[in-house]
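**Student:** The structure file start_26.txt (compact mmCIF, C-alpha atoms) is provided below.
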# COMPACT_ATOMS: atom_id res chain seq x y z
CA MET A 1484 19.58 -22.14 19.00
CA THR A 1485 18.50 -19.07 17.04
CA THR A 1486 20.20 -15.69 17.31
CA ALA A 1487 18.02 -12.63 17.85
CA LYS A 1488 17.98 -10.33 14.87
CA GLN A 1489 19.44 -6.87 15.21
CA ASP A 1490 16.99 -3.97 15.03
CA TYR A 1491 16.61 -2.86 11.40
CA TYR A 1492 17.02 0.81 12.30
CA GLU A 1493 20.30 -0.01 14.07
CA VAL A 1494 21.48 -2.01 11.06
CA LEU A 1495 21.08 1.04 8.81
CA GLY A 1496 22.13 3.48 11.52
CA VAL A 1497 19.02 5.68 11.25
CA ASP A 1498 16.46 6.96 13.75
CA ARG A 1499 12.99 5.39 13.93
CA ASP A 1500 11.47 8.57 12.48
CA ALA A 1501 13.91 8.67 9.55
CA THR A 1502 12.45 9.80 6.22
CA PRO A 1503 12.45 7.45 3.19
CA GLU A 1504 15.25 9.56 1.69
CA GLN A 1505 17.38 9.12 4.82
CA VAL A 1506 16.76 5.37 4.81
CA LYS A 1507 17.74 5.15 1.15
CA LYS A 1508 20.87 7.25 1.66
CA ALA A 1509 21.98 5.10 4.60
CA PHE A 1510 21.39 1.89 2.65
CA ARG A 1511 23.34 3.14 -0.37
CA LYS A 1512 26.32 4.00 1.80
CA LEU A 1513 26.35 0.66 3.62
CA ALA A 1514 25.64 -1.40 0.50
CA MET A 1515 28.68 0.06 -1.22
CA LYS A 1516 30.76 -0.45 1.93
CA TYR A 1517 29.93 -4.14 2.48
CA HIS A 1518 29.29 -5.44 -1.03
CA PRO A 1519 31.57 -8.47 -1.63
CA ASP A 1520 32.72 -6.97 -4.93
CA ARG A 1521 34.34 -4.15 -2.95
CA ASN A 1522 34.91 -5.65 0.50
CA SER A 1523 36.91 -8.86 0.90
CA SER A 1524 36.59 -9.16 4.68
CA GLY A 1525 35.14 -12.43 6.02
CA ASP A 1526 31.88 -11.00 7.36
CA ALA A 1527 31.17 -8.59 4.48
CA GLY A 1528 28.68 -10.96 2.88
CA GLU A 1529 26.66 -11.34 6.08
CA GLN A 1530 26.76 -7.62 6.74
CA PHE A 1531 25.58 -6.88 3.20
CA LYS A 1532 22.77 -9.41 3.56
CA ALA A 1533 21.63 -7.81 6.83
CA VAL A 1534 21.68 -4.35 5.25
CA ASN A 1535 19.61 -5.63 2.31
CA GLU A 1536 17.07 -7.23 4.64
CA ALA A 1537 16.69 -4.07 6.73
CA TYR A 1538 16.26 -1.88 3.68
CA GLU A 1539 13.71 -4.24 2.13
CA VAL A 1540 11.43 -3.71 5.14
CA LEU A 1541 12.08 -0.05 5.97
CA ALA A 1542 11.81 1.10 2.34
CA ASP A 1543 8.27 -0.31 2.07
CA ALA A 1544 5.83 1.96 3.94
CA GLU A 1545 3.37 -0.83 4.75
CA ARG A 1546 5.98 -3.35 5.91
CA ARG A 1547 7.76 -0.66 7.92
CA ALA A 1548 4.50 0.13 9.74
CA MET A 1549 4.04 -3.56 10.52
CA TYR A 1550 7.63 -3.81 11.78
CA ASP A 1551 7.20 -0.75 14.01
CA ARG A 1552 4.10 -2.37 15.49
CA TYR A 1553 5.04 -6.04 15.73
CA GLY A 1554 8.80 -6.30 15.24
CA HIS A 1555 10.63 -9.04 13.30
CA ALA A 1556 7.88 -11.63 13.75
CA ARG A 1557 5.52 -9.83 11.38
CA THR A 1558 7.83 -8.58 8.61
CA GLU A 1559 7.74 -11.60 6.34
CA SER A 1560 6.77 -11.03 2.70
CA PRO A 1561 3.39 -9.21 2.55
CA PHE A 1562 0.21 -11.13 1.86
CA GLY A 1563 1.66 -14.49 2.73
CA GLY A 1564 4.18 -14.63 -0.06
CA ALA A 1565 1.56 -14.18 -2.78
CA ARG A 1566 2.63 -13.79 -6.35
CA GLY A 1567 4.35 -10.54 -7.09
CA PHE A 1568 6.17 -9.91 -3.80
CA GLU A 1569 9.91 -10.33 -3.64
CA GLY A 1570 12.93 -9.17 -1.68
CA PHE A 1571 15.89 -7.08 -2.64
CA GLY A 1572 18.09 -9.61 -4.43
CA PHE A 1573 21.70 -10.33 -3.62
CA GLY A 1574 22.99 -9.18 -6.98
CA GLY A 1575 26.29 -7.86 -8.29
CA PHE A 1576 27.74 -4.52 -7.37
CA GLY A 1577 26.56 -3.19 -10.73
CA ASP A 1578 22.95 -3.78 -9.64
CA ILE A 1579 23.45 -1.61 -6.58
CA PHE A 1580 25.21 1.05 -8.62
CA ASP A 1581 22.47 1.07 -11.25
CA ALA A 1582 19.69 1.23 -8.69
CA PHE A 1583 20.97 4.48 -7.17
CA PHE A 1584 22.94 6.18 -9.92
CA GLY A 1585 20.60 5.77 -12.88
CA GLY A 1586 22.39 2.93 -14.59
CA ALA A 1587 25.62 4.84 -15.18
CA ASN A 1588 27.53 1.60 -14.84
CA SER A 1589 25.41 -0.36 -17.34
CA GLN A 1590 26.59 -1.35 -20.77
CA ARG A 1591 25.32 0.91 -23.54
CA GLY A 1592 22.81 -0.82 -25.72
CA GLY A 1593 22.53 -3.70 -23.22
CA PRO A 1594 19.39 -5.07 -21.55
CA ARG A 1595 17.35 -2.58 -19.55
CA ARG A 1596 14.49 -3.24 -17.17
CA GLY A 1597 11.09 -2.03 -18.25
CA ALA A 1598 9.37 0.89 -16.57
CA ASP A 1599 7.22 0.44 -13.46
CA LEU A 1600 3.48 1.00 -13.82
CA ARG A 1601 0.74 2.06 -11.42
CA ALA A 1602 -2.92 1.12 -11.30
CA SER A 1603 -5.75 2.02 -8.93
CA VAL A 1604 -8.50 -0.37 -7.84
CA THR A 1605 -11.53 0.43 -5.68
CA LEU A 1606 -13.04 -2.36 -3.57
CA THR A 1607 -16.27 -2.52 -1.63
CA PHE A 1608 -16.04 -2.71 2.14
CA LYS A 1609 -16.89 -6.42 2.16
CA GLU A 1610 -14.51 -7.22 -0.72
CA ALA A 1611 -11.65 -5.68 1.26
CA ALA A 1612 -12.71 -7.46 4.45
CA PHE A 1613 -13.03 -10.97 3.01
CA GLY A 1614 -10.72 -10.75 -0.03
CA CYS A 1615 -11.61 -11.00 -3.68
CA GLU A 1616 -10.22 -11.39 -7.18
CA LYS A 1617 -10.48 -8.59 -9.74
CA THR A 1618 -9.69 -8.22 -13.41
CA VAL A 1619 -7.53 -5.14 -13.92
CA GLU A 1620 -6.71 -3.67 -17.34
CA VAL A 1621 -3.19 -2.31 -17.66
CA ALA A 1622 -1.93 -0.33 -20.64
CA SER A 1623 1.79 -0.87 -21.15
CA LEU A 1624 4.53 -0.83 -23.76
CA GLU A 1625 5.34 -4.31 -25.03
CA ILE A 1626 8.05 -5.66 -27.32
CA CYS A 1627 7.08 -5.20 -30.95
CA GLU A 1628 6.34 -8.64 -32.39
CA HIS A 1629 7.08 -7.47 -35.94
CA CYS A 1630 10.73 -6.58 -35.28
CA GLN A 1631 11.17 -8.47 -31.98
CA GLY A 1632 12.27 -5.25 -30.35
CA ARG A 1633 15.18 -4.66 -32.75
CA ARG A 1634 13.51 -1.46 -34.01
CA ALA A 1635 14.63 -2.10 -37.57
CA GLU A 1636 12.39 -3.47 -40.31
CA PRO A 1637 12.95 -7.26 -40.64
CA GLY A 1638 15.48 -7.99 -43.35
CA SER A 1639 17.37 -4.73 -42.84
CA GLU A 1640 20.47 -4.17 -40.72
CA PRO A 1641 21.55 -1.07 -38.75
CA GLU A 1642 24.53 0.79 -40.14
CA ARG A 1643 27.70 1.41 -38.19
CA CYS A 1644 27.77 4.96 -36.79
CA THR A 1645 30.52 6.89 -38.52
CA ASN A 1646 30.51 9.62 -35.89
CA CYS A 1647 31.82 7.33 -33.12
CA ASP A 1648 33.04 4.50 -35.36
CA GLY A 1649 30.60 2.11 -33.73
CA SER A 1650 31.84 2.60 -30.16
CA GLY A 1651 28.78 4.53 -28.99
CA GLU A 1652 30.89 7.12 -27.21
CA LEU A 1653 32.97 10.15 -28.01
CA ARG A 1654 36.29 10.87 -26.32
CA ARG A 1655 37.60 14.40 -26.10
CA VAL A 1656 41.05 15.20 -24.71
CA GLN A 1657 41.22 18.46 -22.79
CA GLN A 1658 44.02 20.32 -21.11
CA SER A 1659 43.72 21.94 -17.69
CA VAL A 1660 46.02 23.37 -15.04
CA PHE A 1661 46.03 19.87 -13.51
CA GLY A 1662 47.14 18.23 -16.70
CA GLN A 1663 45.48 16.32 -19.49
CA PHE A 1664 42.20 14.46 -19.00
CA VAL A 1665 39.76 12.62 -21.25
CA ASN A 1666 36.05 13.47 -21.33
CA VAL A 1667 33.89 10.52 -22.42
CA SER A 1668 30.26 11.09 -23.46
CA ALA A 1669 27.59 9.20 -25.38
CA CYS A 1670 27.59 9.78 -29.11
CA ASP A 1671 24.87 12.34 -29.88
CA ARG A 1672 24.19 10.87 -33.33
CA CYS A 1673 23.54 7.21 -32.43
CA ARG A 1674 22.63 7.97 -28.80
CA GLY A 1675 25.35 5.71 -27.53
CA GLU A 1676 24.30 2.60 -29.45
CA GLY A 1677 27.08 2.60 -32.04
CA ALA A 1678 24.67 2.00 -34.92
CA ILE A 1679 22.11 3.95 -36.94
CA ILE A 1680 18.79 2.40 -37.97
CA THR A 1681 18.18 3.52 -41.51
CA THR A 1682 15.01 1.47 -42.08
CA PRO A 1683 12.82 1.74 -38.96
CA CYS A 1684 10.23 -0.93 -38.23
CA LYS A 1685 6.89 0.01 -39.79
CA ALA A 1686 4.88 -1.45 -36.91
CA CYS A 1687 6.54 0.38 -34.03
CA ARG A 1688 8.14 3.22 -36.03
CA GLY A 1689 11.57 2.30 -34.79
CA SER A 1690 10.82 2.37 -31.09
CA GLY A 1691 10.94 -1.40 -30.59
CA GLN A 1692 7.77 -1.26 -28.49
CA VAL A 1693 4.04 -0.95 -29.07
CA GLU A 1694 1.27 -0.05 -26.62
CA ARG A 1695 -1.07 -2.85 -25.62
CA THR A 1696 -3.73 -3.37 -22.96
CA ARG A 1697 -3.37 -6.46 -20.81
CA LYS A 1698 -5.95 -7.97 -18.48
CA LEU A 1699 -4.56 -9.23 -15.19
CA GLN A 1700 -6.34 -11.32 -12.57
CA ILE A 1701 -5.27 -9.91 -9.22
CA LYS A 1702 -6.09 -11.51 -5.87
CA PHE A 1703 -6.67 -9.09 -3.02
CA PRO A 1704 -6.14 -10.73 0.40
CA ALA A 1705 -8.75 -10.63 3.16
CA GLY A 1706 -8.16 -7.73 5.54
CA ILE A 1707 -6.59 -5.33 3.05
CA ASP A 1708 -7.31 -1.72 3.98
CA ASP A 1709 -7.88 1.57 2.22
CA GLY A 1710 -4.61 3.14 1.04
CA SER A 1711 -2.71 -0.15 0.82
CA GLN A 1712 -0.30 -0.74 -2.06
CA MET A 1713 0.52 -4.07 -3.68
CA ARG A 1714 3.57 -4.74 -5.85
CA LEU A 1715 3.31 -7.31 -8.62
CA SER A 1716 6.81 -8.08 -9.81
CA GLY A 1717 7.33 -8.50 -13.54
CA GLU A 1718 3.93 -7.09 -14.49
CA GLY A 1719 5.13 -3.66 -15.59
CA GLU A 1720 6.34 -2.62 -19.03
CA GLY A 1721 8.44 -4.96 -21.13
CA GLY A 1722 12.22 -4.64 -20.92
CA ILE A 1723 14.49 -3.16 -23.57
CA ASN A 1724 16.97 -5.35 -25.46
CA GLY A 1725 15.92 -8.45 -23.59
CA GLY A 1726 15.81 -6.82 -20.17
CA PRO A 1727 13.31 -7.94 -17.48
CA ARG A 1728 9.86 -6.44 -17.12
CA GLY A 1729 9.20 -3.68 -14.63
CA HIS A 1730 6.82 -3.92 -11.67
CA LEU A 1731 3.15 -3.03 -11.33
CA TYR A 1732 2.10 -1.12 -8.22
CA VAL A 1733 -1.60 -1.41 -7.40
CA GLU A 1734 -3.07 1.23 -5.10
CA VAL A 1735 -6.16 0.04 -3.24
CA GLY A 1736 -9.13 2.21 -2.33
CA VAL A 1737 -12.03 0.95 -0.18
CA ARG A 1738 -15.56 2.37 -0.26
CA ARG A 1739 -17.17 3.38 3.02
CA HIS A 1740 -19.79 1.17 4.64
CA LYS A 1741 -23.23 2.58 5.49
CA GLN A 1742 -23.27 1.09 8.99
CA PHE A 1743 -19.69 0.30 10.04
CA GLN A 1744 -16.47 2.19 10.54
CA ARG A 1745 -13.16 0.35 10.52
CA ASP A 1746 -10.60 0.76 13.29
CA GLY A 1747 -7.70 -1.52 12.43
CA ASP A 1748 -9.34 -4.93 12.24
CA ASP A 1749 -12.22 -3.94 14.54
CA LEU A 1750 -15.59 -2.65 13.35
CA ILE A 1751 -17.37 0.24 15.05
CA TYR A 1752 -21.19 0.21 15.01
CA ASN A 1753 -23.34 3.04 16.38
CA LEU A 1754 -26.16 1.34 18.32
CA GLU A 1755 -29.03 3.83 18.72
CA LEU A 1756 -31.46 3.04 21.58
CA ASN A 1757 -34.38 4.95 23.04
CA ILE A 1758 -34.92 5.82 26.69
CA ALA A 1759 -37.20 2.87 27.36
CA GLN A 1760 -34.76 0.34 25.87
CA VAL A 1761 -31.80 1.46 27.98
CA ALA A 1762 -33.91 1.88 31.14
CA LEU A 1763 -35.88 -1.37 30.98
CA GLY A 1764 -33.60 -3.52 28.84
CA ASP A 1765 -34.32 -5.14 25.50
CA GLU A 1766 -33.26 -7.93 23.17
CA LEU A 1767 -32.53 -6.92 19.61
CA GLU A 1768 -30.51 -7.88 16.53
CA ILE A 1769 -27.28 -6.12 15.62
CA PRO A 1770 -26.05 -6.27 12.00
CA THR A 1771 -22.67 -7.83 11.20
CA LEU A 1772 -20.76 -8.33 7.95
CA GLU A 1773 -22.32 -11.78 7.66
CA GLY A 1774 -25.88 -11.26 8.86
CA LYS A 1775 -27.48 -10.33 12.17
CA GLN A 1776 -26.71 -11.40 15.72
CA SER A 1777 -29.05 -11.28 18.71
CA VAL A 1778 -27.83 -9.18 21.65
CA ARG A 1779 -29.40 -8.73 25.09
CA ILE A 1780 -29.41 -5.13 26.34
CA PRO A 1781 -29.65 -5.14 30.16
CA GLY A 1782 -31.78 -2.58 31.99
CA GLY A 1783 -29.88 0.48 33.16
CA THR A 1784 -27.55 0.55 30.14
CA GLN A 1785 -25.78 3.91 29.88
CA SER A 1786 -25.04 6.00 26.81
CA GLY A 1787 -21.49 5.31 25.62
CA GLN A 1788 -21.46 1.74 26.87
CA VAL A 1789 -19.85 -0.73 24.45
CA PHE A 1790 -21.03 -4.25 23.63
CA VAL A 1791 -18.33 -6.45 22.11
CA LEU A 1792 -19.16 -9.11 19.53
CA LYS A 1793 -16.04 -11.27 19.38
CA ASN A 1794 -14.60 -12.32 16.01
CA GLU A 1795 -17.20 -10.33 14.04
CA GLY A 1796 -14.70 -7.81 12.71
CA VAL A 1797 -12.28 -7.87 9.77
CA PRO A 1798 -9.97 -10.90 9.20
CA HIS A 1799 -6.35 -10.26 10.16
CA LEU A 1800 -4.26 -9.60 7.07
CA ARG A 1801 -1.25 -11.79 7.84
CA SER A 1802 -2.55 -14.25 10.39
CA GLY A 1803 -5.60 -16.24 11.37
CA GLY A 1804 -8.50 -14.86 13.37
CA ARG A 1805 -10.55 -11.69 13.12
CA GLY A 1806 -11.12 -8.45 14.89
CA ASP A 1807 -14.22 -7.65 16.95
CA LEU A 1808 -17.40 -5.69 16.35
CA LEU A 1809 -17.81 -2.90 18.92
CA ALA A 1810 -21.39 -1.67 19.33
CA HIS A 1811 -21.34 1.79 20.95
CA VAL A 1812 -24.61 2.69 22.68
CA GLN A 1813 -26.09 6.08 21.85
CA VAL A 1814 -29.30 7.08 23.62
CA VAL A 1815 -31.49 8.96 21.18
CA THR A 1816 -33.58 11.78 22.63
CA PRO A 1817 -37.11 11.61 21.20
CA LYS A 1818 -38.50 14.49 19.14
CA ASN A 1819 -42.03 15.52 18.18
CA LEU A 1820 -43.66 13.70 21.12
CA SER A 1821 -47.40 13.34 21.27
CA GLU A 1822 -49.26 14.96 24.19
CA GLU A 1823 -49.71 11.55 25.80
CA GLN A 1824 -45.99 10.80 25.53
CA GLN A 1825 -45.13 14.19 27.02
CA ALA A 1826 -47.47 13.53 29.92
CA LEU A 1827 -45.95 10.14 30.60
CA LEU A 1828 -42.44 11.56 30.59
CA ALA A 1829 -43.52 14.34 32.89
CA GLN A 1830 -44.95 11.80 35.33
CA LEU A 1831 -41.73 9.82 35.08
CA GLY A 1832 -39.74 12.93 35.91
CA GLU A 1833 -41.82 13.58 39.00
CA SER A 1834 -41.53 9.96 40.17
CA LEU A 1835 -37.76 10.11 39.78
CA GLY A 1836 -37.59 13.19 41.97
CA THR A 1837 -36.85 15.57 39.11
CA PRO A 1838 -40.17 17.44 38.65
CA LEU A 1839 -40.51 19.89 35.79
CA SER A 1840 -40.10 23.62 36.24
CA PRO A 1841 -43.24 25.74 36.98
CA ASP A 1842 -43.67 26.68 33.33
CA ASP A 1843 -43.48 23.03 32.31
CA LYS A 1844 -46.00 22.09 35.05
CA GLY A 1845 -48.49 24.37 33.39
CA LEU A 1846 -47.85 22.50 30.18
CA LEU A 1847 -48.37 19.22 32.04
CA ASN A 1848 -51.74 20.37 33.43
CA ARG A 1849 -52.86 21.41 30.00
CA ILE A 1850 -51.89 17.99 28.67
CA LYS A 1851 -53.77 16.26 31.50
CA ASP A 1852 -56.88 18.38 30.82
CA ALA A 1853 -56.66 17.51 27.14
CA LEU A 1854 -56.53 13.83 28.02
CA GLY A 1855 -59.58 14.18 30.39
Could you express the structure from this file as structure tokens?
**Tutor:**
Amino acid sequence: MTTAKQDYYEVLGVDRDATPEQVKKAFRKLAMKYHPDRNSSGDAGEQFKAVNEAYEVLADAERRAMYDRYGHARTESPFGGARGFEGFGFGGFGDIFDAFFGGANSQRGGPRRGADLRASVTLTFKEAAFGCEKTVEVASLEICEHCQGRRAEPGSEPERCTNCDGSGELRRVQQSVFGQFVNVSACDRCRGEGAIITTPCKACRGSGQVERTRKLQIKFPAGIDDGSQMRLSGEGEGGINGGPRGHLYVEVGVRRHKQFQRDGDDLIYNLELNIAQVALGDELEIPTLEGKQSVRIPGGTQSGQVFVLKNEGVPHLRSGGRGDLLAHVQVVTPKNLSEEQQALLAQLGESLGTPLSPDDKGLLNRIKDALG
């Protein structure tokens, strides 16, 4: 027997219209409250896990929209668990502290995660509808192969900082009305590393990183829409001092189609018909994303009527099946009619009990005289 999951907004204690900043603030507070490193109660681990899961969904704009629409059943990892998508890990309390307070709890000179990168890709309408694979070039900072990220020229060794005696920090004792306290700050000479590089690497000029352009093959799932964002974990800049790579965020743009408009997974097509077609009926071909399909237009069709072509829309992003193609009828009023066409329409108007005005009757007689 499965237990129903608690609503993610209730887990974090925020309203459904909460801003990203409010969601983040609520998560930070609860994560620090329930983290097992700080809370020894029996259910702290489960509570922390639930908070993590709620934040993972509500912090991602796309997954939050899917949750608001479909609930828990549709909040699994985006794009079917494709490469690059991951959850918020159950790490140590230091990970939580670093994530929200800028790494103040991290060890100086220790491993640091590389920076996140962003890239933009524009797809055609059909590429977004049916999915595709694209080669994307990404410029990023990578570990210098010459010095292996040590920043010093191979064969040389950094010197111990004499300013902080190799500790990387300076301690200053100050007196106040509340007593004596110690102010600890990073050493301004070695920048908190405890050592000075006297012979910088010639290849990277002592930075430990060099800029390179990488080519990545990225798969875009069928049904992806304009404005979507994909996260590829570990495809950002290289880490510092052995730290993990950052993430790559790919923003997707989709070009407009000449004939279709997209409404969710449905396609809207403007079906223009003339008076004779809607009055008498017709059989014609309507374009789809994969060719043309024959459609019977019954006599007496009205402007604004919609013909539905099932499963001719866009594939659903996270499930099987497709949307529909909705052909909206628009009756086009003819322009620049010939005299014969005007006469025929005038006769039609009279037969329908809607004769033309006196001025237009004079026009009709002139047309009849011209036709003999």
**Student:** One decimal, Å: what's the distance from CA of Gln1505 in chain A over to CA of Tyr1517 in chain A, could you say?
**Tutor:**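 These atoms are spaced 18.4 Å apart.
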**Student:** So which residues touch Gly1719 in chain A within 12 Å, counting all atoms listed in the file, skipping near sequence neighbours fewer than 2 positions away, as a PyMOL selection string?
**Tutor:** chain A and resi 1567+1596-1602+1620-1625+1695-1697+1699+1714-1717+1721-1722+1727-1733
**Student:** For the selection just defined, write its residues with C-alpha atoms to a file, as an mmCIF file, in the coordinates of the input.
**Tutor:**
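Done, and the output landed in result.cif:
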data_model
loop_
_atom_site.group_PDB
_atom_site.id
_atom_site.type_symbol
_atom_site.label_atom_id
_atom_site.label_comp_id
_atom_site.auth_asym_id
_atom_site.auth_seq_id
_atom_site.Cartn_x
_atom_site.Cartn_y
_atom_site.Cartn_z
ATOM 1 C CA GLY A 1567 4.350 -10.540 -7.090
ATOM 2 C CA ARG A 1596 14.490 -3.240 -17.170
ATOM 3 C CA GLY A 1597 11.090 -2.030 -18.250
ATOM 4 C CA ALA A 1598 9.370 0.890 -16.570
ATOM 5 C CA ASP A 1599 7.220 0.440 -13.460
ATOM 6 C CA LEU A 1600 3.480 1.000 -13.820
ATOM 7 C CA ARG A 1601 0.740 2.060 -11.420
ATOM 8 C CA ALA A 1602 -2.920 1.120 -11.300
ATOM 9 C CA GLU A 1620 -6.710 -3.670 -17.340
ATOM 10 C CA VAL A 1621 -3.190 -2.310 -17.660
ATOM 11 C CA ALA A 1622 -1.930 -0.330 -20.640
ATOM 12 C CA SER A 1623 1.790 -0.870 -21.150
ATOM 13 C CA LEU A 1624 4.530 -0.830 -23.760
ATOM 14 C CA GLU A 1625 5.340 -4.310 -25.030
ATOM 15 C CA ARG A 1695 -1.070 -2.850 -25.620
ATOM 16 C CA THR A 1696 -3.730 -3.370 -22.960
ATOM 17 C CA ARG A 1697 -3.370 -6.460 -20.810
ATOM 18 C CA LEU A 1699 -4.560 -9.230 -15.190
ATOM 19 C CA ARG A 1714 3.570 -4.740 -5.850
ATOM 20 C CA LEU A 1715 3.310 -7.310 -8.620
ATOM 21 C CA SER A 1716 6.810 -8.080 -9.810
ATOM 22 C CA GLY A 1717 7.330 -8.500 -13.540
ATOM 23 C CA GLY A 1721 8.440 -4.960 -21.130
ATOM 24 C CA GLY A 1722 12.220 -4.640 -20.920
ATOM 25 C CA PRO A 1727 13.310 -7.940 -17.480
ATOM 26 C CA ARG A 1728 9.860 -6.440 -17.120
ATOM 27 C CA GLY A 1729 9.200 -3.680 -14.630
ATOM 28 C CA HIS A 1730 6.820 -3.920 -11.670
ATOM 29 C CA LEU A 1731 3.150 -3.030 -11.330
ATOM 30 C CA TYR A 1732 2.100 -1.120 -8.220
ATOM 31 C CA VAL A 1733 -1.600 -1.410 -7.400
#
**Student:** So the first atom is CA of Phe1608 in chain A and the second is CA of Arg1779 in chain A; what is the distance between them in Å, to one decimal place?
**Tutor:**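 Atom-to-atom, CA of Phe1608 in chain A to CA of Arg1779 in chain A, that is 27.2 Å.
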**Student:** Between CA of Gly1783 in chain A and CA of Gly1836 in chain A, what is the distance in Å, rounded to a tenth?
**Tutor:**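 Computing the Euclidean distance for CA of Gly1783 in chain A and CA of Gly1836 in chain A yields 17.3 Å.
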**Student:** So that I can check the surroundings of Thr1502 in chain A, please list as a ChimeraX atom specification every protein, DNA and RNA residue that reaches within 12 Å of it, counting all atoms listed in the file and ignoring chain neighbours fewer than 2 positions away.
**Tutor:** /A:1492,1497-1500,1504-1509,1541-1544,1547
**Student:** Quick one: residues within 12 Å of Cys1687 in chain A, all atoms listed in the file counted, chain neighbours fewer than 5 positions away excluded, as a VMD selection string?
**Tutor:** chain A and resid 1624 to 1637 1682 1692 to 1695
**Student:** So, with all atoms listed in the file as the atoms that count, which of A:Leu1653, A:Leu1767, A:Ala1686, A:Cys1615 lies closest to Arg1674 in chain A?
**Tutor:**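 Of the candidates, the smallest distance to Arg1674 in chain A is held by A:Leu1653.
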**Student:** Closest to Asp1709 in chain A among A:Phe1790, A:Asn1646, A:Thr1771, A:Thr1607, using all atoms listed in the file?
**Tutor:** A:Thr1607
**Student:** Counting only C-alpha atoms, which residues have an atom no more than 12 Å from (-41.8, 12.1, 29.5) in the file's coordinates? Please list them as a ChimeraX atom specification.
**Tutor:** /A:1758-1759,1816-1835,1837-1839,1843,1847,1850
**Student:** May I have the protein, DNA and RNA residues with an atom at most 8 Å from (-11.3, -0.3, -2.5), counting all atoms listed in the file in the file's coordinates, returned as a ChimeraX atom specification?
**Tutor:** /A:1604-1608,1610-1611,1708-1709,1735-1738
**Student:** Go through A:Arg1672, A:Arg1655, A:Arg1521, A:Arg1739 one by one, measure the shortest atom-to-atom distance of each to Arg1643 in chain A using all atoms listed in the file, and give the residue with the smallest value.
**Tutor:**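 Of the candidates, the smallest distance to Arg1643 in chain A is held by A:Arg1672.
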